[in-house]
file input15.cif (mmCIF, C-alpha atoms and all ligand atoms)
data_data
#
loop_
_atom_site.label_atom_id
_atom_site.label_comp_id
_atom_site.auth_asym_id
_atom_site.auth_seq_id
_atom_site.Cartn_x
_atom_site.Cartn_y
_atom_site.Cartn_z
CA MET K 3 -38.34 152.96 -169.72
CA ILE K 4 -34.71 153.89 -169.97
CA GLY K 5 -32.34 154.03 -167.01
CA ASN K 6 -29.36 152.31 -165.49
CA SER K 7 -28.95 154.19 -162.22
CA GLU K 8 -29.55 152.48 -158.92
CA ALA K 9 -32.62 154.70 -158.41
CA MET K 10 -34.11 153.54 -161.72
CA HIS K 11 -33.35 149.88 -160.99
CA ARG K 12 -35.29 150.25 -157.75
CA ILE K 13 -38.19 151.69 -159.75
CA PHE K 14 -38.09 148.86 -162.34
CA ASP K 15 -38.16 146.39 -159.48
CA LEU K 16 -41.10 148.13 -157.75
CA VAL K 17 -43.03 148.38 -161.03
CA LYS K 18 -42.59 144.66 -161.62
CA ARG K 19 -43.83 143.71 -158.17
CA VAL K 20 -46.67 146.23 -158.06
CA SER K 21 -48.00 145.33 -161.51
CA ASN K 22 -48.95 141.85 -160.32
CA ALA K 23 -51.27 143.02 -157.56
CA PRO K 24 -54.24 145.36 -158.06
CA THR K 25 -53.22 147.73 -155.24
CA ASN K 26 -53.53 151.48 -155.60
CA VAL K 27 -50.30 153.31 -156.33
CA LEU K 28 -49.35 156.95 -155.81
CA ILE K 29 -46.53 158.19 -158.03
CA THR K 30 -44.79 161.35 -156.84
CA GLY K 31 -42.00 163.33 -158.45
CA GLU K 32 -41.07 166.56 -160.18
CA SER K 33 -42.50 167.47 -163.54
CA GLY K 34 -41.01 165.53 -166.44
CA THR K 35 -39.51 162.72 -164.35
CA GLY K 36 -41.58 159.96 -165.95
CA LYS K 37 -44.62 159.57 -163.70
CA GLU K 38 -46.90 158.79 -166.62
CA VAL K 39 -44.33 156.39 -168.06
CA VAL K 40 -44.30 154.54 -164.72
CA ALA K 41 -48.11 154.43 -164.53
CA LYS K 42 -48.32 152.85 -167.98
CA ALA K 43 -45.50 150.43 -167.23
CA ILE K 44 -47.42 149.20 -164.16
CA HIS K 45 -50.61 148.67 -166.12
CA PHE K 46 -49.16 147.18 -169.29
CA ASN K 47 -46.84 144.75 -167.51
CA GLY K 48 -49.53 143.24 -165.34
CA PRO K 49 -52.50 140.89 -165.67
CA LEU K 50 -54.80 143.84 -166.47
CA LYS K 51 -52.85 144.78 -169.60
CA ASP K 52 -55.70 143.85 -171.95
CA LYS K 53 -58.18 145.81 -169.84
CA PRO K 54 -58.74 149.55 -170.20
CA PHE K 55 -56.19 152.14 -169.10
CA ILE K 56 -58.05 155.43 -168.75
CA THR K 57 -56.36 158.74 -167.95
CA VAL K 58 -58.09 161.58 -166.14
CA ASN K 59 -56.16 164.83 -166.06
CA CYS K 60 -57.57 166.23 -162.84
CA GLY K 61 -56.02 169.66 -163.46
CA ALA K 62 -57.52 170.10 -166.93
CA ILE K 63 -61.22 169.44 -166.33
CA PRO K 64 -63.27 172.36 -164.96
CA GLU K 65 -64.79 171.60 -161.56
CA SER K 66 -68.34 172.00 -162.90
CA LEU K 67 -67.80 169.16 -165.41
CA MET K 68 -65.61 166.96 -163.26
CA GLU K 69 -68.31 164.92 -161.52
CA SER K 70 -70.08 164.09 -164.75
CA GLU K 71 -66.77 163.32 -166.53
CA MET K 72 -65.70 160.91 -163.82
CA PHE K 73 -68.97 159.35 -162.77
CA GLY K 74 -71.24 159.92 -165.76
CA HIS K 75 -74.74 161.35 -165.79
CA LYS K 76 -78.38 160.53 -166.45
CA LYS K 77 -80.28 162.09 -169.30
CA GLY K 78 -81.83 165.39 -168.23
CA SER K 79 -79.77 165.75 -165.04
CA PHE K 80 -78.54 169.11 -166.38
CA THR K 81 -79.27 171.16 -169.50
CA SER K 82 -76.66 169.65 -171.78
CA ALA K 83 -77.23 166.07 -170.55
CA ILE K 84 -79.11 164.96 -173.65
CA SER K 85 -78.60 161.24 -173.05
CA ASP K 86 -77.36 158.82 -170.39
CA LYS K 87 -73.60 158.83 -170.34
CA PRO K 88 -71.13 156.61 -168.48
CA GLY K 89 -68.17 158.34 -166.82
CA LEU K 90 -64.48 157.51 -166.96
CA PHE K 91 -64.80 155.32 -163.86
CA GLU K 92 -67.17 153.00 -165.69
CA ALA K 93 -64.99 153.15 -168.80
CA ALA K 94 -62.06 151.92 -166.70
CA ASP K 95 -64.07 149.07 -165.10
CA GLY K 96 -61.88 145.99 -164.76
CA GLY K 97 -58.75 147.98 -165.57
CA THR K 98 -56.81 151.03 -164.43
CA LEU K 99 -57.94 154.60 -163.86
CA PHE K 100 -54.92 156.93 -163.98
CA LEU K 101 -55.62 160.09 -161.99
CA ASP K 102 -52.98 162.50 -163.24
CA GLU K 103 -52.33 165.69 -161.21
CA VAL K 104 -54.46 164.25 -158.44
CA GLY K 105 -53.49 167.16 -156.15
CA GLU K 106 -55.76 169.37 -158.24
CA LEU K 107 -58.94 167.41 -157.37
CA PRO K 108 -61.52 169.76 -155.86
CA PRO K 109 -62.84 168.80 -152.38
CA SER K 110 -66.32 167.92 -153.68
CA ILE K 111 -64.81 165.31 -156.02
CA GLN K 112 -62.41 164.05 -153.37
CA VAL K 113 -65.42 162.97 -151.29
CA LYS K 114 -67.01 161.13 -154.21
CA LEU K 115 -63.75 159.46 -155.17
CA LEU K 116 -63.27 158.27 -151.60
CA ARG K 117 -66.71 156.68 -151.64
CA ALA K 118 -65.95 154.97 -154.95
CA LEU K 119 -62.74 153.52 -153.52
CA GLN K 120 -64.25 152.43 -150.22
CA GLU K 121 -67.52 151.00 -151.41
CA ARG K 122 -66.56 150.11 -154.99
CA VAL K 123 -69.68 151.77 -156.33
CA ILE K 124 -70.31 155.02 -158.18
CA ARG K 125 -73.45 156.96 -158.90
CA ARG K 126 -74.06 158.88 -162.11
CA VAL K 127 -75.08 162.53 -161.73
CA GLY K 128 -78.87 162.64 -161.43
CA ALA K 129 -79.22 158.89 -160.85
CA THR K 130 -80.72 157.22 -157.80
CA ASP K 131 -78.99 153.86 -158.03
CA ASP K 132 -75.36 152.82 -157.59
CA ILE K 133 -73.25 151.02 -160.16
CA LYS K 134 -70.60 148.50 -159.10
CA VAL K 135 -67.11 149.20 -160.42
CA GLU K 136 -63.83 147.33 -160.02
CA VAL K 137 -61.05 149.77 -160.78
CA ARG K 138 -57.41 149.99 -159.89
CA ILE K 139 -56.31 153.56 -159.19
CA ILE K 140 -52.88 154.87 -160.09
CA ALA K 141 -52.54 158.51 -159.10
CA ALA K 142 -49.71 160.93 -159.85
CA THR K 143 -48.75 164.37 -158.63
CA ASN K 144 -45.81 166.75 -158.50
CA ARG K 145 -47.29 168.39 -155.43
CA ASN K 146 -46.60 167.47 -151.83
CA LEU K 147 -49.84 165.72 -150.86
CA GLU K 148 -48.75 165.23 -147.26
CA ALA K 149 -48.32 169.00 -146.91
CA MET K 150 -51.73 169.44 -148.55
CA VAL K 151 -53.23 167.06 -146.00
CA LYS K 152 -51.73 169.19 -143.21
CA GLU K 153 -53.15 172.34 -144.82
CA GLU K 154 -56.46 170.50 -145.14
CA THR K 155 -56.70 171.01 -148.89
CA PHE K 156 -56.44 167.26 -149.52
CA ARG K 157 -58.44 164.71 -147.55
CA GLN K 158 -56.32 162.55 -145.32
CA ASP K 159 -58.55 159.47 -145.69
CA LEU K 160 -58.32 159.74 -149.47
CA PHE K 161 -54.55 160.20 -149.28
CA TYR K 162 -54.23 156.88 -147.38
CA ARG K 163 -56.47 155.10 -149.88
CA LEU K 164 -54.37 156.27 -152.81
CA ASN K 165 -50.96 155.96 -151.20
CA VAL K 166 -51.01 152.20 -150.57
CA ILE K 167 -47.75 151.97 -152.49
CA ASN K 168 -45.68 155.06 -153.16
CA ILE K 169 -43.29 155.27 -156.09
CA HIS K 170 -41.11 158.36 -156.21
CA THR K 171 -39.53 159.21 -159.55
CA PRO K 172 -36.22 160.96 -158.82
CA SER K 173 -35.17 164.15 -160.60
CA LEU K 174 -32.66 163.74 -163.41
CA ARG K 175 -29.99 165.68 -161.49
CA GLU K 176 -30.13 163.00 -158.78
CA ARG K 177 -29.24 160.35 -161.37
CA ARG K 178 -26.94 162.04 -163.84
CA GLU K 179 -25.50 158.66 -164.83
CA ASP K 180 -28.74 158.08 -166.78
CA ILE K 181 -28.14 161.15 -168.98
CA PRO K 182 -25.92 159.45 -171.65
CA LEU K 183 -28.30 156.51 -171.98
CA LEU K 184 -31.38 158.71 -172.28
CA ALA K 185 -29.57 161.06 -174.67
CA ALA K 186 -28.60 158.13 -176.94
CA TYR K 187 -32.17 156.85 -176.84
CA PHE K 188 -33.64 160.24 -177.80
CA LEU K 189 -30.93 160.77 -180.44
CA LYS K 190 -32.03 157.58 -182.16
CA LYS K 191 -35.69 158.50 -181.77
CA TYR K 192 -35.28 161.93 -183.43
CA ASN K 193 -32.81 160.69 -186.06
CA ASP K 194 -35.49 158.24 -187.17
CA LYS K 195 -38.26 160.79 -186.92
CA MET K 196 -36.45 163.53 -188.86
CA ASN K 197 -34.65 161.24 -191.26
CA LYS K 198 -31.24 162.36 -190.06
CA ASN K 199 -28.05 160.48 -189.41
CA ILE K 200 -26.28 162.14 -186.51
CA THR K 201 -23.93 159.42 -185.38
CA GLY K 202 -23.19 160.53 -181.84
CA ILE K 203 -22.50 163.09 -179.17
CA SER K 204 -18.91 164.24 -178.65
CA VAL K 205 -17.25 163.62 -175.28
CA GLU K 206 -17.09 167.38 -174.57
CA ALA K 207 -20.75 167.93 -175.47
CA MET K 208 -21.76 164.99 -173.28
CA GLU K 209 -19.73 166.39 -170.36
CA MET K 210 -21.68 169.65 -170.67
CA MET K 211 -24.99 167.82 -170.89
CA LYS K 212 -24.13 165.86 -167.76
CA LYS K 213 -23.40 169.05 -165.82
CA TYR K 214 -26.64 170.80 -166.68
CA ASP K 215 -29.38 170.67 -164.00
CA TYR K 216 -32.52 169.98 -166.12
CA PRO K 217 -35.25 171.74 -164.13
CA GLY K 218 -37.66 170.09 -166.57
CA ASN K 219 -36.03 166.67 -166.06
CA VAL K 220 -36.28 163.95 -168.75
CA ARG K 221 -38.80 165.96 -170.76
CA GLU K 222 -36.30 168.83 -170.97
CA LEU K 223 -33.49 166.47 -172.02
CA GLU K 224 -35.75 165.05 -174.72
CA ASN K 225 -36.59 168.58 -175.97
CA LEU K 226 -32.90 169.48 -175.94
CA ILE K 227 -32.03 166.48 -178.13
CA GLU K 228 -34.97 167.09 -180.44
CA ARG K 229 -33.89 170.72 -180.93
CA THR K 230 -30.26 169.73 -181.44
CA VAL K 231 -31.09 167.05 -184.00
CA ALA K 232 -33.31 169.51 -185.87
CA LEU K 233 -30.60 172.19 -186.04
CA GLU K 234 -27.46 170.05 -186.40
CA ALA K 235 -25.86 170.30 -189.81
CA GLY K 236 -22.84 168.14 -188.99
CA SER K 237 -22.56 164.43 -188.33
CA SER K 238 -22.29 164.59 -184.55
CA VAL K 239 -23.35 166.76 -181.65
CA LEU K 240 -20.52 169.13 -180.62
CA PRO K 241 -20.42 171.68 -177.77
CA GLU K 242 -21.29 174.45 -180.23
CA SER K 243 -24.43 172.53 -181.21
CA LEU K 244 -25.78 173.01 -177.68
CA PRO K 245 -27.68 176.08 -176.48
CA PRO K 246 -25.61 178.43 -174.24
CA PHE K 247 -27.62 177.62 -171.14
CA VAL K 248 -26.24 174.09 -171.42
CA SER K 249 -22.79 174.77 -172.86
CA THR K 250 -21.53 177.57 -170.58
CA PRO K 251 -21.22 177.56 -166.79
CA THR K 252 -22.88 180.99 -166.52
CA GLY K 253 -25.68 179.84 -168.72
CA ARG K 254 -26.18 176.78 -166.57
CA LYS K 255 -26.33 178.93 -163.46
CA LEU K 256 -28.90 181.26 -164.98
CA ALA K 257 -30.96 178.39 -166.24
CA SER K 258 -31.02 176.86 -162.80
CA SER K 259 -32.80 179.99 -161.59
CA GLN K 260 -35.81 178.35 -163.19
CA GLU K 261 -35.86 176.41 -159.96
CA ILE K 262 -36.53 179.51 -157.91
CA GLU K 263 -40.07 179.00 -156.74
CA VAL K 264 -42.55 181.82 -156.72
CA THR K 265 -44.54 181.04 -153.58
CA GLU K 266 -47.51 182.71 -151.92
CA GLU K 267 -45.11 184.76 -149.78
CA GLY K 268 -43.73 186.28 -152.97
CA ILE K 269 -40.14 186.82 -154.02
CA ASP K 270 -37.97 189.89 -154.55
CA LEU K 271 -37.40 189.82 -158.31
CA ASP K 272 -35.16 192.90 -158.41
CA LYS K 273 -32.94 191.52 -155.68
CA ILE K 274 -32.56 188.10 -157.34
CA VAL K 275 -31.92 189.48 -160.81
CA GLY K 276 -29.64 192.14 -159.34
CA GLN K 277 -27.59 189.47 -157.58
CA ILE K 278 -27.06 187.60 -160.84
CA GLU K 279 -26.25 190.86 -162.67
CA LYS K 280 -23.71 191.85 -160.05
CA GLU K 281 -21.98 188.46 -160.15
CA LEU K 282 -21.68 188.58 -163.93
CA ILE K 283 -20.24 192.10 -163.89
CA VAL K 284 -17.60 191.09 -161.34
CA LYS K 285 -16.72 188.06 -163.44
CA ALA K 286 -16.47 190.14 -166.60
CA ILE K 287 -14.13 192.63 -164.92
CA HIS K 288 -11.92 189.74 -163.86
CA THR K 289 -11.96 188.21 -167.33
CA ALA K 290 -11.04 191.64 -168.73
CA ASN K 291 -8.04 191.75 -166.37
CA GLY K 292 -9.53 194.62 -164.43
CA THR K 293 -10.48 196.82 -167.38
CA LYS K 294 -14.09 197.92 -167.01
CA LYS K 295 -14.21 199.24 -170.55
CA LYS K 296 -13.31 195.84 -171.90
CA ALA K 297 -15.69 194.17 -169.42
CA ALA K 298 -18.52 196.28 -170.82
CA LYS K 299 -17.66 194.97 -174.30
CA LEU K 300 -17.66 191.38 -173.02
CA LEU K 301 -21.14 191.93 -171.60
CA ASN K 302 -22.38 193.70 -174.71
CA ILE K 303 -23.41 196.78 -172.79
CA THR K 304 -22.41 200.44 -173.28
CA PHE K 305 -19.80 202.16 -171.11
CA ARG K 306 -22.51 204.38 -169.72
CA SER K 307 -24.60 201.41 -168.76
CA MET K 308 -21.53 199.79 -167.18
CA ARG K 309 -20.82 202.92 -165.15
CA TYR K 310 -24.41 203.07 -163.94
CA ARG K 311 -24.23 199.45 -162.76
CA VAL K 312 -20.81 199.84 -161.16
CA GLU K 313 -22.26 202.65 -159.08
CA LYS K 314 -25.47 200.76 -158.34
CA TYR K 315 -23.61 197.72 -157.03
CA ASN K 316 -20.83 199.70 -155.41
CA LEU K 317 -18.11 198.03 -157.47
CA GLY K 318 -15.91 201.12 -157.82
CA THR K 319 -13.06 199.47 -155.95
CA ILE K 320 -12.92 196.53 -158.36
CA GLY K 321 -10.86 196.91 -161.52
CA ASP K 322 -8.31 199.52 -162.51
CA ASP K 323 -9.92 202.08 -164.79
CA GLU K 324 -12.44 204.80 -164.01
CA LEU K 325 -15.39 205.19 -166.35
CA THR K 326 -15.84 208.92 -166.99
CA ASP K 327 -18.36 210.98 -168.90
CA SER K 328 -16.00 211.20 -171.85
CA ASP K 329 -16.39 207.44 -172.29
N1 LIG X 401 -37.15 156.60 -168.00
C1 LIG X 401 -37.57 157.12 -169.16
N2 LIG X 401 -37.23 156.55 -170.33
C2 LIG X 401 -37.63 157.08 -171.50
N3 LIG X 401 -38.39 158.16 -171.62
C3 LIG X 401 -38.76 158.80 -170.49
C4 LIG X 401 -38.37 158.30 -169.21
N4 LIG X 401 -38.87 159.13 -168.27
C5 LIG X 401 -39.54 160.09 -168.93
N5 LIG X 401 -39.48 159.89 -170.27
C6 LIG X 401 -40.08 160.77 -171.30
O1 LIG X 401 -40.05 162.10 -170.79
C7 LIG X 401 -41.29 162.77 -171.04
C8 LIG X 401 -41.93 163.13 -169.72
O2 LIG X 401 -42.37 161.97 -169.03
P1 LIG X 401 -43.79 161.91 -168.26
O3 LIG X 401 -44.83 162.56 -169.08
O4 LIG X 401 -44.02 160.52 -167.82
O5 LIG X 401 -43.43 162.85 -167.01
P2 LIG X 401 -44.36 163.28 -165.80
O6 LIG X 401 -43.60 162.99 -164.55
O7 LIG X 401 -45.70 162.69 -165.95
O8 LIG X 401 -44.38 164.87 -165.99
P3 LIG X 401 -45.55 165.93 -165.55
O9 LIG X 401 -45.52 166.01 -164.05
O10 LIG X 401 -45.07 167.21 -166.16
O11 LIG X 401 -46.83 165.43 -166.10
C9 LIG X 401 -42.11 161.82 -171.88
O12 LIG X 401 -41.95 162.14 -173.24
C10 LIG X 401 -41.54 160.45 -171.59
O13 LIG X 401 -41.68 159.58 -172.66
MG MG X 402 -47.53 163.62 -166.38
#

call {"tool": "encode", "arguments": {"input": "input15.cif", "output": "structure tokens", "more": "lines below"}}
Ligand SMILES: Nc1ncnc2c1ncn2[C@@H]1O[C@H](COP(=O)(O)OP(=O)(O)OP(=O)(O)O)[C@@H](O)[C@H]1O
Ligand SMILES: [Mg+2]
result
Amino acid sequence: MIGNSEAMHRIFDLVKRVSNAPTNVLITGESGTGKEVVAKAIHFNGPLKDKPFITVNCGAIPESLMESEMFGHKKGSFTSAISDKPGLFEAADGGTLFLDEVGELPPSIQVKLLRALQERVIRRVGATDDIKVEVRIIAATNRNLEAMVKEETFRQDLFYRLNVINIHTPSLRERREDIPLLAAYFLKKYNDKMNKNITGISVEAMEMMKKYDYPGNVRELENLIERTVALEAGSSVLPESLPPFVSTPTGRKLASSQEIEVTEEGIDLDKIVGQIEKELIVKAIHTANGTKKKAAKLLNITFRSMRYRVEKYNLGTIGDDELTDSD
């Protein structure tokens, strides 16, 4: 795990302490912040490191198969159950069960998981007897479980069982000082992988990379470096090697709109896009020293299209020239 920020040092410290005791851990944080990396670090730095580490992606298994996947089944308990089969809980016995995307667990499985944690026994689908299991649970989610508890979509008693220790992985924009270190690490990784020899990242390019917001966090930074290494013909990463959403302020602003959440209440797409469009037109007119015709060129749109937008956004008073039909 790479990181030199204070936030990451706190996480290293927590991981070290937590790995020595078999307590359950809940890892929370945005997508791509390293939750799985933390889960593995806890397991593989502790006394259970030679025991199994089993991952269950709770969001990827259909509800109808989930119980049998997790707890196993007896032969004949349903049509396709052609033999006795242990579940992932039994597979993880003595080690760690990593419940990824735990917020996606359906209520019926939440009840069964709670029982497994409280009584340390599971029962295969179709069986009549319990099986003892000793499993440490590390769970991860990018959802707000406390809010889900309030909405009653996640069981409170289960939440407390899982959240004995909470580790929160901070977003990359809250620890920008880690960007150069991570970038250097990924540069080496993809140099090796692609047999390239890109020696470094220029100061200007690094400045741009540090300003970008990374809605996809470390995963997005890694993808950015991978892409750059693949495309780079020169010996180092320069500003022009970077995609425009990283290398220009406007691009960065547009890219950050990826953070606009589409919630149940819905959003007004036209209004949001219109706002961005209007801002860019005003900027272009300024850059063009007030000439709308030139601004249209800068934006790669026709004069007609410019005139339509100027009217739409009521920008007639900005700039010097009138756009007429003859344009
Ligand atoms: N501190 C770190 N040092 C090195 N690599 C990291 C670090 N944090 C994350 N990564 C890398 O970034 C990628 C995303 O990390 P990971 O899969 O752990 O994120 P996650 O929080 O589980 O994301 P999601 O919620 O989308 O599942 C992985 O390729 C991982 O190796
Ligand atoms: Mg993950």

call {"tool": "closest_residue", "arguments": {"input": "input15.cif", "among": "K:Tyr192, K:Phe305, K:Phe73, K:Tyr187", "to": "K:Lys87", "atoms": "all atoms listed in the file"}}
result
K:Phe73

call {"tool": "residues_near_ligand", "arguments": {"input": "input15.cif", "ligand": "ligand LIG 401 (chain X)", "cutoff": "6 Å", "atoms": "only C-alpha atoms and all ligand atoms", "output": "list in words"}}
result
Met3, Ile4, Gly5, Glu32, Ser33, Gly34, Thr35, Gly36, Lys37, Glu38, Val39, Asn144, Val220 and Arg221 of chain K

call {"tool": "write_last_selection", "arguments": {"input": "input15.cif", "atoms": "C-alpha atoms", "output": "CSV table (one decimal), in the coordinates of the input"}}
result
chain,number,residue,atom,x,y,z
K,3,MET,CA,-38.3,153.0,-169.7
K,4,ILE,CA,-34.7,153.9,-170.0
K,5,GLY,CA,-32.3,154.0,-167.0
K,32,GLU,CA,-41.1,166.6,-160.2
K,33,SER,CA,-42.5,167.5,-163.5
K,34,GLY,CA,-41.0,165.5,-166.4
K,35,THR,CA,-39.5,162.7,-164.4
K,36,GLY,CA,-41.6,160.0,-166.0
K,37,LYS,CA,-44.6,159.6,-163.7
K,38,GLU,CA,-46.9,158.8,-166.6
K,39,VAL,CA,-44.3,156.4,-168.1
K,144,ASN,CA,-45.8,166.8,-158.5
K,220,VAL,CA,-36.3,164.0,-168.8
K,221,ARG,CA,-38.8,166.0,-170.8

call {"tool": "atom_distance", "arguments": {"input": "input15.cif", "atom1": "atom CA of K:Thr171", "atom2": "atom CA of K:Gly31"}}
result
4.9 Å

call {"tool": "residues_around", "arguments": {"input": "input15.cif", "residues": "K:Lys314", "least_positions_apart": "2", "cutoff": "12 Å", "atoms": "all atoms listed in the file", "output": "ChimeraX atom specification"}}
result
/K:276-277,279-280,283,307-312,316-318

call {"tool": "residues_around", "arguments": {"input": "input15.cif", "residues": "K:Leu90", "least_positions_apart": "4", "cutoff": "9 Å", "atoms": "only C-alpha atoms", "output": "PyMOL selection string"}}
result
chain K and resi 56-58+70-74+94-95+99

call {"tool": "write_last_selection", "arguments": {"input": "input15.cif", "atoms": "C-alpha atoms", "output": "PDB file, in the frame of the given file"}}
result
ATOM      1  CA  ILE K  56     -58.050 155.430-168.750  1.00  0.00           C
ATOM      2  CA  THR K  57     -56.360 158.740-167.950  1.00  0.00           C
ATOM      3  CA  VAL K  58     -58.090 161.580-166.140  1.00  0.00           C
ATOM      4  CA  SER K  70     -70.080 164.090-164.750  1.00  0.00           C
ATOM      5  CA  GLU K  71     -66.770 163.320-166.530  1.00  0.00           C
ATOM      6  CA  MET K  72     -65.700 160.910-163.820  1.00  0.00           C
ATOM      7  CA  PHE K  73     -68.970 159.350-162.770  1.00  0.00           C
ATOM      8  CA  GLY K  74     -71.240 159.920-165.760  1.00  0.00           C
ATOM      9  CA  ALA K  94     -62.060 151.920-166.700  1.00  0.00           C
ATOM     10  CA  ASP K  95     -64.070 149.070-165.100  1.00  0.00           C
ATOM     11  CA  LEU K  99     -57.940 154.600-163.860  1.00  0.00           C
TER      12      LEU K  99
END

call {"tool": "closest_residue", "arguments": {"input": "input15.cif", "among": "K:Phe55, K:Phe100, K:Phe46, K:Phe14", "to": "ligand MG 402 (chain X)", "atoms": "all atoms listed in the file"}}
result
K:Phe100

call {"tool": "closest_residue", "arguments": {"input": "input15.cif", "among": "K:Asn22, K:Asn168, K:Thr143, K:Thr98", "to": "ligand MG 402 (chain X)", "atoms": "all atoms listed in the file"}}
result
K:Thr143

call {"tool": "atom_distance", "arguments": {"input": "input15.cif", "atom1": "atom CA of K:Ala142", "atom2": "atom CA of K:Pro64"}}
result
18.5 Å

call {"tool": "closest_residue", "arguments": {"input": "input15.cif", "among": "K:Val137, K:Leu160, K:Val239, K:Ala93", "to": "K:Ala185", "atoms": "only C-alpha atoms"}}
result
K:Val239

call {"tool": "closest_residue", "arguments": {"input": "input15.cif", "among": "K:Pro54, K:Gly292, K:Gly218, K:Gly97", "to": "ligand MG 402 (chain X)", "atoms": "only C-alpha atoms and all ligand atoms"}}
result
K:Gly218

call {"tool": "closest_residue", "arguments": {"input": "input15.cif", "among": "K:Asp322, K:Glu103, K:Glu222, K:Glu234", "to": "ligand MG 402 (chain X)", "atoms": "all atoms listed in the file"}}
result
K:Glu103
